[in-house]
>>> print(open('data08.txt').read())   # compact mmCIF, C-alpha atoms
# COMPACT_ATOMS: atom_id res chain seq x y z
CA MET C 10 81.85 91.66 109.68
CA GLY C 11 78.89 93.47 111.14
CA VAL C 12 78.73 95.90 108.25
CA THR C 13 75.34 96.54 106.74
CA LYS C 14 74.70 97.34 103.12
CA GLN C 15 73.68 100.83 104.24
CA ASP C 16 77.12 101.38 105.79
CA ILE C 17 78.81 100.60 102.49
CA ASP C 18 76.34 102.71 100.54
CA LYS C 19 76.93 105.59 102.94
CA ALA C 20 80.69 105.23 102.50
CA ILE C 21 80.37 105.08 98.74
CA ILE C 22 78.08 108.13 98.63
CA LYS C 23 80.69 109.96 100.70
CA MET C 24 83.33 109.04 98.14
CA GLU C 25 81.08 110.02 95.26
CA LEU C 26 80.79 113.47 96.78
CA LYS C 27 84.58 113.65 96.65
CA GLY C 28 84.59 112.71 92.99
CA ILE C 29 85.45 109.00 93.18
CA ASP C 30 82.71 107.02 91.50
CA ARG C 31 81.41 103.71 92.79
CA ARG C 32 82.40 101.71 89.70
CA LYS C 33 85.98 102.92 89.80
CA PHE C 34 86.31 102.25 93.50
CA ILE C 35 84.94 98.69 93.33
CA LYS C 36 87.09 98.10 90.24
CA TYR C 37 90.17 99.27 92.10
CA CYS C 38 89.40 97.06 95.10
CA THR C 39 88.82 94.07 92.81
CA ALA C 40 92.09 94.71 90.97
CA THR C 41 93.90 94.86 94.30
CA ALA C 42 92.30 91.58 95.37
CA ALA C 43 93.32 90.03 92.04
CA VAL C 44 96.95 90.99 92.60
CA PHE C 45 96.88 89.04 95.85
CA GLY C 46 95.57 86.05 93.89
CA LEU C 47 92.16 86.23 95.54
CA ASP C 48 88.79 85.55 94.00
CA TYR C 49 86.98 88.61 92.56
CA TYR C 50 84.48 88.17 95.39
CA PHE C 51 87.15 89.65 97.68
CA GLY C 52 86.94 92.89 95.70
CA SER C 53 83.64 93.72 97.37
CA LEU C 54 85.02 92.52 100.72
CA PHE C 55 87.95 94.92 100.28
CA ALA C 56 85.49 97.72 99.52
CA GLU C 57 83.58 96.71 102.64
CA ALA C 58 86.75 96.71 104.73
CA ALA C 59 87.63 100.13 103.38
CA ALA C 60 84.13 101.36 104.25
CA VAL C 61 84.52 100.14 107.83
CA ALA C 62 87.89 101.83 108.03
CA ILE C 63 86.23 105.22 107.59
CA GLU C 64 85.15 105.19 111.19
CA LYS C 65 87.75 102.88 112.57
CA LYS C 66 91.35 102.83 111.56
CA PRO C 67 93.51 105.74 112.65
CA VAL C 68 96.92 105.99 111.00
CA ILE C 69 99.99 107.74 112.34
CA TRP C 70 102.57 108.57 109.68
CA ILE C 71 105.92 109.64 111.11
CA GLN C 72 109.05 110.64 109.28
CA GLY C 73 112.71 110.23 110.20
CA GLN C 74 115.61 110.76 107.83
CA GLY C 75 113.53 110.88 104.69
CA CYS C 76 112.78 113.25 101.84
CA THR C 77 108.93 113.10 101.93
CA GLY C 78 109.18 111.46 98.51
CA CYS C 79 107.10 108.51 99.68
CA THR C 80 104.35 110.78 101.04
CA THR C 81 104.45 112.66 97.73
CA SER C 82 104.31 109.43 95.74
CA VAL C 83 101.22 108.27 97.63
CA LEU C 84 99.51 111.66 97.44
CA SER C 85 100.18 112.22 93.75
CA SER C 86 98.85 108.89 92.53
CA LEU C 87 96.09 109.25 89.97
CA ASN C 88 92.81 107.60 89.11
CA PRO C 89 91.13 106.18 91.19
CA GLY C 90 93.13 108.26 93.58
CA PRO C 91 94.67 106.32 96.43
CA ALA C 92 95.23 109.83 97.76
CA GLU C 93 91.50 110.31 98.26
CA ILE C 94 91.17 106.74 99.45
CA LEU C 95 93.93 107.27 101.99
CA ILE C 96 92.53 110.52 103.25
CA ASP C 97 88.85 109.53 103.18
CA LEU C 98 89.03 105.87 104.12
CA ILE C 99 91.63 105.95 106.84
CA SER C 100 91.81 108.54 109.52
CA MET C 101 95.23 110.13 109.06
CA ARG C 102 95.85 111.52 112.54
CA PHE C 103 99.43 112.63 112.14
CA ASN C 104 101.41 113.31 109.00
CA SER C 105 103.62 116.36 109.29
CA THR C 106 103.50 117.05 105.56
CA VAL C 107 99.72 117.24 105.13
CA MET C 108 98.30 117.94 108.58
CA ASN C 109 96.71 121.26 109.33
CA SER C 110 97.97 121.91 112.85
CA ALA C 111 101.58 122.62 113.74
CA GLY C 112 103.80 122.66 116.83
CA SER C 113 102.34 121.52 120.14
CA LYS C 114 98.80 121.29 118.66
CA SER C 115 99.99 118.58 116.26
CA THR C 116 101.79 116.59 118.94
CA GLU C 117 98.71 116.77 121.18
CA VAL C 118 96.77 114.88 118.52
CA LEU C 119 99.63 112.41 118.30
CA GLU C 120 99.63 111.80 122.07
CA GLU C 121 95.87 111.38 122.10
CA THR C 122 95.98 108.81 119.28
CA ILE C 123 98.79 106.89 120.94
CA ASN C 124 96.88 106.73 124.23
CA LYS C 125 93.74 105.45 122.51
CA GLY C 126 95.77 102.73 120.80
CA ASP C 127 94.57 100.46 117.96
CA TYR C 128 96.17 102.42 115.14
CA LEU C 129 98.41 101.61 112.24
CA LEU C 130 101.90 103.10 112.27
CA VAL C 131 103.48 104.11 108.97
CA VAL C 132 107.15 105.07 109.10
CA GLU C 133 108.97 106.94 106.37
CA GLY C 134 112.72 107.62 106.49
CA SER C 135 115.55 105.92 108.34
CA ILE C 136 116.51 106.12 112.01
CA PRO C 137 119.89 107.61 112.95
CA THR C 138 121.68 105.55 115.59
CA ALA C 139 125.08 107.27 115.72
CA ASP C 140 123.63 110.30 117.54
CA PRO C 141 119.96 111.14 118.24
CA ARG C 142 120.63 114.76 117.25
CA TYR C 143 120.74 113.75 113.58
CA CYS C 144 116.94 113.75 113.65
CA LEU C 145 114.95 115.59 116.29
CA VAL C 146 111.20 115.93 116.72
CA GLU C 147 110.09 118.26 119.53
CA GLY C 148 113.63 118.14 120.89
CA HIS C 149 113.68 114.36 121.24
CA GLY C 150 115.52 111.81 119.10
CA PHE C 151 113.47 110.18 116.35
CA ASP C 152 114.18 106.70 117.76
CA GLU C 153 112.31 107.75 120.93
CA LEU C 154 109.29 108.85 118.91
CA LEU C 155 109.38 105.62 116.91
CA LYS C 156 109.52 103.42 120.01
CA LYS C 157 106.74 105.43 121.67
CA THR C 158 104.39 105.28 118.69
CA ALA C 159 105.17 101.63 117.90
CA GLU C 160 104.26 100.47 121.40
CA ASN C 161 100.47 100.73 121.00
CA ALA C 162 100.37 100.21 117.23
CA THR C 163 98.57 97.14 115.89
CA ALA C 164 100.98 96.95 112.95
CA VAL C 165 104.03 98.79 111.70
CA VAL C 166 104.52 99.53 108.01
CA ALA C 167 107.93 100.81 106.87
CA VAL C 168 107.45 102.70 103.60
CA GLY C 169 110.35 103.43 101.30
CA THR C 170 113.79 101.87 101.28
CA CYS C 171 115.08 104.29 103.96
CA ALA C 172 112.54 103.07 106.52
CA ALA C 173 112.79 99.46 105.36
CA TYR C 174 116.55 98.96 105.20
CA GLY C 175 118.29 102.33 105.71
CA GLY C 176 118.44 103.18 102.00
CA ILE C 177 120.57 106.10 100.84
CA PRO C 178 121.14 107.59 104.36
CA ARG C 179 122.72 104.26 105.40
CA ALA C 180 125.64 105.11 103.11
CA GLY C 181 126.42 108.18 105.28
CA ASN C 182 127.88 108.67 108.74
CA THR C 183 124.69 108.99 110.77
CA GLY C 184 124.28 105.28 111.51
CA ALA C 185 120.97 105.24 109.65
CA LYS C 186 119.01 102.02 110.13
CA GLY C 187 115.69 100.55 109.06
CA VAL C 188 112.64 100.24 111.33
CA SER C 189 112.95 96.47 111.85
CA GLU C 190 116.39 96.96 113.39
CA ILE C 191 114.89 99.23 116.07
CA ILE C 192 111.46 97.66 116.54
CA THR C 193 112.12 93.99 117.18
CA ASP C 194 109.08 92.95 119.21
CA LYS C 195 106.49 93.61 116.50
CA PRO C 196 106.10 92.40 112.94
CA VAL C 197 107.21 95.12 110.52
CA VAL C 198 106.09 95.08 106.88
CA ASN C 199 108.66 96.57 104.55
CA ILE C 200 107.34 98.30 101.44
CA PRO C 201 110.61 99.50 99.94
CA GLY C 202 111.16 101.61 96.84
CA CYS C 203 112.71 104.99 96.27
CA PRO C 204 109.96 106.12 96.39
CA LEU C 205 107.42 103.34 96.95
CA LYS C 206 104.63 102.72 94.46
CA PRO C 207 101.31 103.89 95.98
CA ASP C 208 99.48 100.71 94.91
CA TRP C 209 101.77 98.69 97.18
CA LEU C 210 100.75 100.63 100.28
CA VAL C 211 97.05 100.77 99.39
CA GLY C 212 97.07 97.03 98.65
CA VAL C 213 98.67 96.17 101.98
CA LEU C 214 96.20 98.44 103.84
CA LEU C 215 93.15 96.92 102.13
CA TYR C 216 94.47 93.41 102.80
CA TYR C 217 95.13 94.28 106.42
CA PHE C 218 91.72 95.91 106.99
CA ASN C 219 89.97 92.92 105.47
CA PHE C 220 91.89 89.99 106.96
CA LYS C 221 93.08 91.72 110.14
CA GLU C 222 96.52 90.33 109.49
CA LEU C 223 99.51 91.24 107.36
CA PRO C 224 99.89 89.77 103.87
CA PRO C 225 102.41 86.93 103.25
CA LEU C 226 105.96 88.28 103.25
CA ASP C 227 109.23 87.27 101.59
CA SER C 228 112.51 86.85 103.47
CA ASP C 229 113.13 90.61 103.36
CA ASN C 230 109.68 91.16 104.94
CA ARG C 231 108.24 92.57 101.74
CA PRO C 232 104.72 91.62 100.55
CA LEU C 233 105.26 88.50 98.46
CA VAL C 234 102.69 89.53 95.85
CA TYR C 235 104.46 92.75 94.92
CA PHE C 236 108.10 91.68 95.28
CA GLY C 237 108.69 87.98 95.97
CA SER C 238 109.38 86.25 92.68
CA HIS C 239 108.93 89.12 90.21
CA LEU C 240 112.46 89.39 88.80
CA ILE C 241 112.64 92.67 86.83
CA HIS C 242 114.84 91.01 84.20
CA ASP C 243 112.28 88.29 83.41
CA ASN C 244 109.61 90.63 82.09
CA CYS C 245 111.89 93.29 80.67
CA PRO C 246 110.70 94.84 77.37
CA ARG C 247 114.38 94.80 76.29
CA VAL C 248 114.90 91.10 77.06
CA ALA C 249 114.89 90.19 73.35
CA PHE C 250 118.00 92.36 72.87
CA PHE C 251 119.59 90.70 75.88
CA GLU C 252 118.96 87.29 74.31
CA LYS C 253 120.65 88.46 71.12
CA GLY C 254 123.58 89.87 73.10
CA GLN C 255 122.84 93.43 71.97
CA PHE C 256 123.85 95.82 74.75
CA LEU C 257 123.55 99.60 74.73
CA GLU C 258 126.99 101.03 75.41
CA ASP C 259 126.88 104.51 73.90
CA TRP C 260 123.92 106.70 74.88
CA ASN C 261 124.57 108.88 71.82
CA ASP C 262 123.97 106.07 69.33
CA PRO C 263 120.30 106.23 68.24
CA ALA C 264 120.52 102.79 66.62
CA THR C 265 121.03 101.08 69.97
CA ILE C 266 118.62 103.15 72.05
CA ASP C 267 116.22 100.25 72.70
CA TRP C 268 118.93 97.69 73.45
CA CYS C 269 119.59 95.92 76.76
CA LEU C 270 120.81 98.29 79.49
CA LEU C 271 122.88 95.74 81.40
CA LYS C 272 126.21 97.26 80.43
CA VAL C 273 125.14 100.75 81.49
CA GLY C 274 124.42 99.55 84.99
CA CYS C 275 120.96 97.94 84.89
CA LYS C 276 120.30 95.96 88.07
CA GLY C 277 117.25 94.18 86.63
CA PRO C 278 118.80 90.71 87.03
CA VAL C 279 119.10 91.17 90.81
CA THR C 280 115.90 93.11 91.55
CA TYR C 281 112.53 91.81 92.65
CA ALA C 282 109.50 94.08 92.12
CA ASP C 283 106.34 94.14 90.01
CA CYS C 284 107.27 97.44 88.25
CA ASN C 285 107.13 95.94 84.77
CA ARG C 286 103.82 94.17 85.36
CA ILE C 287 101.95 97.09 86.87
CA TRP C 288 103.55 100.30 85.67
CA TRP C 289 103.98 103.47 87.65
CA ASN C 290 101.88 106.65 87.58
CA ASP C 291 98.57 104.96 86.93
CA GLY C 292 100.11 102.58 84.42
CA ALA C 293 101.92 105.29 82.45
CA ASN C 294 105.44 103.87 82.35
CA TYR C 295 108.34 102.59 84.43
CA CYS C 296 112.10 103.19 84.60
CA ILE C 297 113.49 100.70 82.06
CA ARG C 298 110.77 101.38 79.50
CA ALA C 299 111.48 105.10 79.88
CA GLY C 300 115.14 104.44 79.05
CA SER C 301 116.69 104.35 82.50
CA PRO C 302 118.55 101.33 83.87
CA CYS C 303 116.93 99.73 86.94
CA SER C 304 118.74 100.96 90.04
CA ALA C 305 117.44 98.16 92.32
CA CYS C 306 115.86 100.75 94.63
CA VAL C 307 113.69 98.10 96.32
CA GLN C 308 116.58 95.86 97.34
CA PRO C 309 118.02 95.78 100.88
CA GLN C 310 121.48 96.38 99.36
CA PHE C 311 120.46 99.76 97.91
CA TYR C 312 122.35 102.14 97.61
CA GLU C 313 126.03 101.77 98.51
CA GLU C 314 126.34 98.03 97.87
CA LEU C 315 124.95 98.46 94.36
CA ALA C 316 126.89 101.60 93.40
CA PRO C 317 127.96 102.67 90.81
CA LEU C 318 124.47 102.78 89.32
CA TYR C 319 125.34 103.73 85.76
CA ALA C 320 128.49 101.71 85.11
CA SER C 321 128.74 98.14 83.88
CA PRO C 322 129.08 95.87 86.91
CA PHE C 323 131.59 93.82 84.91
CA ALA C 324 133.42 96.45 82.90
CA SER C 325 136.43 94.23 82.39
CA GLY C 326 134.27 91.57 80.72
CA ARG C 327 136.18 88.89 82.62
CA GLU C 328 134.21 85.76 83.34
CA ASP C 329 135.05 85.48 87.01
CA ASP C 330 133.96 89.12 87.50
CA ILE C 331 130.56 88.36 86.08
CA MET C 332 130.17 85.16 88.06
CA SER C 333 131.18 86.76 91.35
CA TYR C 334 128.88 89.75 90.71
CA PHE C 335 125.84 87.54 90.44
CA GLU C 336 126.92 85.09 93.12
CA ASP C 337 127.60 87.83 95.69
CA ARG C 338 124.26 89.40 95.09
CA SER C 339 122.31 86.19 94.74
CA ARG C 340 122.95 85.20 98.37
CA GLY C 341 121.02 87.99 99.99
CA ILE C 342 118.72 88.92 97.19
CA HIS C 343 117.59 85.55 95.98
CA ALA C 344 116.76 84.34 99.46
CA GLY C 345 113.30 85.85 98.91
CA SER C 346 112.40 83.58 96.08
CA ALA C 347 114.46 80.71 97.47
CA ALA C 348 111.43 80.11 99.64
CA LEU C 349 109.61 79.40 96.39
CA GLY C 350 112.41 77.08 95.36
CA ALA C 351 113.79 79.07 92.44
CA GLY C 352 116.25 81.75 93.46
CA ILE C 353 119.69 80.41 94.33
CA VAL C 354 119.79 78.28 91.19
CA ALA C 355 118.68 81.13 88.97
CA ALA C 356 121.59 83.50 89.63
CA PRO C 357 124.51 81.32 88.42
CA LEU C 358 122.40 80.20 85.46
CA LEU C 359 121.80 83.81 84.53
CA ALA C 360 125.49 84.62 85.01
CA ASN C 361 126.43 81.75 82.69
CA LYS C 362 123.95 82.99 80.15
CA ILE C 363 125.43 86.49 80.27
CA ILE C 364 128.99 85.15 79.86
CA GLU C 365 127.85 83.09 76.89
CA LEU C 366 126.18 86.13 75.32
CA LEU C 367 129.14 88.40 75.86
CA LYS C 368 131.40 85.77 74.27
CA LYS C 369 129.09 85.40 71.30
CA LYS C 370 129.13 89.16 70.84
CA LYS C 371 132.94 89.23 70.93
CA ASP C 372 133.26 86.35 68.45
CA GLY C 373 130.72 88.01 66.19
CA VAL C 374 132.77 91.18 66.09
CA LYS C 375 135.92 89.20 65.27
CA GLU C 376 134.26 87.41 62.36
CA HIS C 377 133.05 90.73 61.06
CA ASP C 378 136.60 92.12 61.23
CA ASN C 379 137.95 89.19 59.23
CA MET F 27 109.77 141.04 129.38
CA THR F 28 110.68 138.56 126.61
CA THR F 29 108.33 135.81 125.56
CA LYS F 30 109.67 132.87 123.63
CA ILE F 31 107.38 131.23 121.06
CA THR F 32 108.44 127.81 119.81
CA VAL F 33 106.83 125.95 116.94
CA ASP F 34 108.18 122.39 116.70
CA PRO F 35 107.48 120.60 114.46
CA VAL F 36 106.57 123.03 111.69
CA THR F 37 104.12 121.10 109.49
CA ARG F 38 103.10 121.24 105.81
CA ILE F 39 106.73 121.40 104.77
CA GLU F 40 109.18 118.76 103.62
CA GLY F 41 111.40 117.52 106.44
CA HIS F 42 111.94 118.69 109.98
CA LEU F 43 111.87 122.32 111.05
CA LYS F 44 111.73 124.18 114.33
CA VAL F 45 111.11 127.91 114.67
CA GLU F 46 111.84 129.96 117.78
CA VAL F 47 110.76 133.57 118.07
CA ASP F 48 111.59 135.97 120.91
CA VAL F 49 108.98 138.68 121.46
CA ALA F 50 109.53 141.68 123.74
CA ASN F 51 106.95 144.42 124.24
CA GLY F 52 104.98 143.32 121.22
CA SER F 53 107.87 143.24 118.75
CA VAL F 54 110.13 140.43 117.60
CA THR F 55 113.64 140.81 118.97
CA ASP F 56 115.17 137.59 117.74
CA ALA F 57 114.17 134.59 115.61
CA ARG F 58 115.79 131.26 114.90
CA CYS F 59 114.96 128.73 112.22
CA ILE F 60 116.42 125.29 112.89
CA GLY F 61 116.52 122.33 110.55
CA THR F 62 116.48 119.31 112.87
CA MET F 63 117.45 116.52 110.49
CA PHE F 64 120.77 115.60 108.93
CA ARG F 65 121.66 112.82 106.50
CA GLY F 66 124.97 114.02 105.10
CA LEU F 67 124.22 113.54 101.40
CA GLU F 68 127.42 115.47 100.58
CA GLN F 69 129.45 112.95 102.58
CA ILE F 70 127.65 110.05 100.91
CA VAL F 71 128.68 111.08 97.39
CA ILE F 72 132.38 111.49 98.24
CA GLY F 73 134.31 108.89 96.26
CA LYS F 74 131.26 107.75 94.28
CA ASP F 75 130.87 107.61 90.52
CA PRO F 76 130.01 111.19 89.39
CA ARG F 77 126.99 109.90 87.45
CA ASP F 78 125.45 108.69 90.72
CA VAL F 79 125.54 112.15 92.27
CA PRO F 80 122.35 113.62 90.69
CA TYR F 81 120.52 110.39 91.62
CA VAL F 82 121.57 110.63 95.27
CA VAL F 83 121.40 114.37 95.93
CA GLU F 84 117.99 114.85 94.27
CA ARG F 85 116.74 112.84 97.27
CA VAL F 86 117.44 115.88 99.43
CA CYS F 87 113.75 116.71 98.90
CA GLY F 88 111.10 114.46 97.39
CA VAL F 89 108.28 116.99 97.12
>>> encode(input="data08.txt", output="structure tokens")
Amino acid sequence: MGVTKQDIDKAIIKMELKGIDRRKFIKYCTATAAVFGLDYYFGSLFAEAAAVAIEKKPVIWIQGQGCTGCTTSVLSSLNPGPAEILIDLISMRFNSTVMNSAGSKSTEVLEETINKGDYLLVVEGSIPTADPRYCLVEGHGFDELLKKTAENATAVVAVGTCAAYGGIPRAGNTGAKGVSEIITDKPVVNIPGCPLKPDWLVGVLLYYFNFKELPPLDSDNRPLVYFGSHLIHDNCPRVAFFEKGQFLEDWNDPATIDWCLLKVGCKGPVTYADCNRIWWNDGANYCIRAGSPCSACVQPQFYEELAPLYASPFASGREDDIMSYFEDRSRGIHAGSAALGAGIVAAPLLANKIIELLKKKKDGVKEHDN
Amino acid sequence: MTTKITVDPVTRIEGHLKVEVDVANGSVTDARCIGTMFRGLEQIVIGKDPRDVPYVVERVCGV
């Protein structure tokens, strides 16, 4: 790669000055490599790639109809601080939330970076298509800015569900769309989530810097390693209660507080993400374990097609309701893992299982009454 | 003689903001503060389950 040991040492010393120690950094790179199923040897290659990036890889981070939640998520991640890694290892040329300059000074830097080319474009927030005035930057529609910045970009990364698929704004009247519907001549990596998990972005960046290509993607253009076949339901800490047919129905009943959240709207059986394998906030916790039903925030159908979020998707308990719920959603959602030969079959099986469990529960209650 | 100062985009904030200031003879005569992004979160929650509303409208600002 043309990187000498001195280059890496220099980069690591620079990080040490910022408070990231060498051990932690190498450990983080190795962990990231492991997630991608690579040999631990790639850990040091990732560190090397990150060291090269110090001088090389400019990043432009633009925002459309978003809430800055994804920027905040990335910046507030903890040990070993992807925030520091992002700021120190890539050259963030434009990010309106953290950059120092404002107004025409900031857009001058943007122009300059675009003209130089060879940068990575990160997009946060959706793109309004009903009327450009729904999102203006320097008096121009956001779609113009997106097209202009994407033209010279080596890769486009859509962070958050808004940028990936339209997300919550898509449910409104502004014609909000995801990046891949506007930019069709370049590969776009979707890293959805509301917000995204910082590790996902850092992992994709390290992979890209090292291999000079994007990681393998699923049918929704999400990195296979982080989304792909990781069905939330499969590794759920409450799955034992699901198997027993014990469903939380009354939030005020302390006896059922750890039970399966399916009947209070959990979308775990139709959601693919690694949340329950690698927890959020530096491994502190994640939604279901904290007592909140999964809202399927990483799915292309989020939000309006999955609403209501906190009501049982099959309140009536009728069998055909349950079947159709899983069948409808399995078509789009399971396509991702269908590539791995598992998905389409899994949804009806799961639906059958749920019907069986709900029946068992009902019969059980009857026997008890007798 | 009025000078118009425009700052667009205003950075280090959440979202999109434009500020226009009119200055005449060294003092500000008029100023406008313009939010240049609209999603219509209020429209989105019309007709939705009330329990979804906090989930959706908290996304007005993620900072």
>>> closest_atom_pairs(input="data08.txt", of="chain F", to="chain C", cutoff="6 Å", atoms="all atoms listed in the file", output="JSON lines")
{"residue": "F:Val33", "atom": "CA", "partner": "C:Gly112", "partner_atom": "CA", "distance": 4.5}
{"residue": "F:Asp34", "atom": "CA", "partner": "C:Gly112", "partner_atom": "CA", "distance": 4.4}
{"residue": "F:Pro35", "atom": "CA", "partner": "C:Gly112", "partner_atom": "CA", "distance": 4.8}
{"residue": "F:Val36", "atom": "CA", "partner": "C:Ala111", "partner_atom": "CA", "distance": 5.4}
{"residue": "F:Thr37", "atom": "CA", "partner": "C:Ser105", "partner_atom": "CA", "distance": 4.8}
{"residue": "F:Arg38", "atom": "CA", "partner": "C:Thr106", "partner_atom": "CA", "distance": 4.2}
{"residue": "F:Ile39", "atom": "CA", "partner": "C:Thr106", "partner_atom": "CA", "distance": 5.5}
{"residue": "F:Glu40", "atom": "CA", "partner": "C:Thr77", "partner_atom": "CA", "distance": 5.9}
{"residue": "F:Thr62", "atom": "CA", "partner": "C:Leu145", "partner_atom": "CA", "distance": 5.3}
{"residue": "F:Met63", "atom": "CA", "partner": "C:Cys144", "partner_atom": "CA", "distance": 4.2}
{"residue": "F:Phe64", "atom": "CA", "partner": "C:Tyr143", "partner_atom": "CA", "distance": 5.0}
{"residue": "F:Arg65", "atom": "CA", "partner": "C:Pro178", "partner_atom": "CA", "distance": 5.7}
{"residue": "F:Ile70", "atom": "CA", "partner": "C:Gly181", "partner_atom": "CA", "distance": 4.9}
{"residue": "F:Asp75", "atom": "CA", "partner": "C:Pro317", "partner_atom": "CA", "distance": 5.7}
{"residue": "F:Val86", "atom": "CA", "partner": "C:Cys76", "partner_atom": "CA", "distance": 5.9}
{"residue": "F:Cys87", "atom": "CA", "partner": "C:Cys76", "partner_atom": "CA", "distance": 4.6}
{"residue": "F:Gly88", "atom": "CA", "partner": "C:Gly78", "partner_atom": "CA", "distance": 3.7}
{"residue": "F:Val89", "atom": "CA", "partner": "C:Gly78", "partner_atom": "CA", "distance": 5.8}
>>> residues_around(input="data08.txt", residues="Ser53 in chain F", least_positions_apart="6", cutoff="12 Å", atoms="all atoms listed in the file", output="VMD selection string")
chain F and resid 27 to 30 47
>>> atom_distance(input="data08.txt", atom1="CA of Gly52 in chain C", atom2="CA of Tyr216 in chain C")
10.4 Å
>>> atom_distance(input="data08.txt", atom1="CA of Lys272 in chain C", atom2="CA of Asn294 in chain C")
21.9 Å
>>> atom_distance(input="data08.txt", atom1="CA of Ser100 in chain C", atom2="CA of Lys66 in chain C")
6.1 Å
>>> axis_aligned_box(input="data08.txt", around="range 46-55 of chain F", padding_each_side="6 Å", output="AutoDock Vina command-line options")
--center_x 109.3 --center_y 137.2 --center_z 120.9 --size_x 20.7 --size_y 26.5 --size_z 18.6
>>> build_atoms(input="data08.txt", residues="range 175-188 of chain C", atoms="N, CA and C atoms", output="PDB file, in the coordinates of the input")
ATOM      1  N   GLY C 175     117.282 101.271 105.515  1.00  0.00           N
ATOM      2  CA  GLY C 175     118.290 102.330 105.710  1.00  0.00           C
ATOM      3  C   GLY C 175     118.537 103.134 104.445  1.00  0.00           C
ATOM      4  N   GLY C 176     118.405 102.483 103.296  1.00  0.00           N
ATOM      5  CA  GLY C 176     118.440 103.180 102.000  1.00  0.00           C
ATOM      6  C   GLY C 176     119.665 104.058 101.786  1.00  0.00           C
ATOM      7  N   ILE C 177     119.454 105.187 101.134  1.00  0.00           N
ATOM      8  CA  ILE C 177     120.570 106.100 100.840  1.00  0.00           C
ATOM      9  C   ILE C 177     121.220 106.640 102.117  1.00  0.00           C
ATOM     10  N   PRO C 178     120.472 107.073 103.143  1.00  0.00           N
ATOM     11  CA  PRO C 178     121.140 107.590 104.360  1.00  0.00           C
ATOM     12  C   PRO C 178     122.095 106.581 104.999  1.00  0.00           C
ATOM     13  N   ARG C 179     121.850 105.284 104.805  1.00  0.00           N
ATOM     14  CA  ARG C 179     122.720 104.260 105.400  1.00  0.00           C
ATOM     15  C   ARG C 179     124.154 104.378 104.892  1.00  0.00           C
ATOM     16  N   ALA C 180     124.307 104.955 103.682  1.00  0.00           N
ATOM     17  CA  ALA C 180     125.640 105.110 103.110  1.00  0.00           C
ATOM     18  C   ALA C 180     126.416 106.244 103.783  1.00  0.00           C
ATOM     19  N   GLY C 181     125.760 107.038 104.631  1.00  0.00           N
ATOM     20  CA  GLY C 181     126.420 108.180 105.280  1.00  0.00           C
ATOM     21  C   GLY C 181     126.973 107.827 106.651  1.00  0.00           C
ATOM     22  N   ASN C 182     127.224 108.871 107.446  1.00  0.00           N
ATOM     23  CA  ASN C 182     127.880 108.670 108.740  1.00  0.00           C
ATOM     24  C   ASN C 182     126.933 108.758 109.923  1.00  0.00           C
ATOM     25  N   THR C 183     125.619 108.757 109.672  1.00  0.00           N
ATOM     26  CA  THR C 183     124.690 108.990 110.770  1.00  0.00           C
ATOM     27  C   THR C 183     124.185 107.685 111.398  1.00  0.00           C
ATOM     28  N   GLY C 184     124.713 106.565 110.958  1.00  0.00           N
ATOM     29  CA  GLY C 184     124.280 105.280 111.510  1.00  0.00           C
ATOM     30  C   GLY C 184     122.834 104.977 111.196  1.00  0.00           C
ATOM     31  N   ALA C 185     122.378 105.388 110.016  1.00  0.00           N
ATOM     32  CA  ALA C 185     120.970 105.240 109.650  1.00  0.00           C
ATOM     33  C   ALA C 185     120.591 103.764 109.527  1.00  0.00           C
ATOM     34  N   LYS C 186     119.472 103.412 110.156  1.00  0.00           N
ATOM     35  CA  LYS C 186     119.010 102.020 110.130  1.00  0.00           C
ATOM     36  C   LYS C 186     117.532 101.946 109.781  1.00  0.00           C
ATOM     37  N   GLY C 187     117.101 100.770 109.370  1.00  0.00           N
ATOM     38  CA  GLY C 187     115.690 100.550 109.060  1.00  0.00           C
ATOM     39  C   GLY C 187     114.873 100.296 110.312  1.00  0.00           C
ATOM     40  N   VAL C 188     113.546 100.381 110.182  1.00  0.00           N
ATOM     41  CA  VAL C 188     112.640 100.240 111.330  1.00  0.00           C
ATOM     42  C   VAL C 188     112.802  98.886 112.016  1.00  0.00           C
TER      43      VAL C 188
END
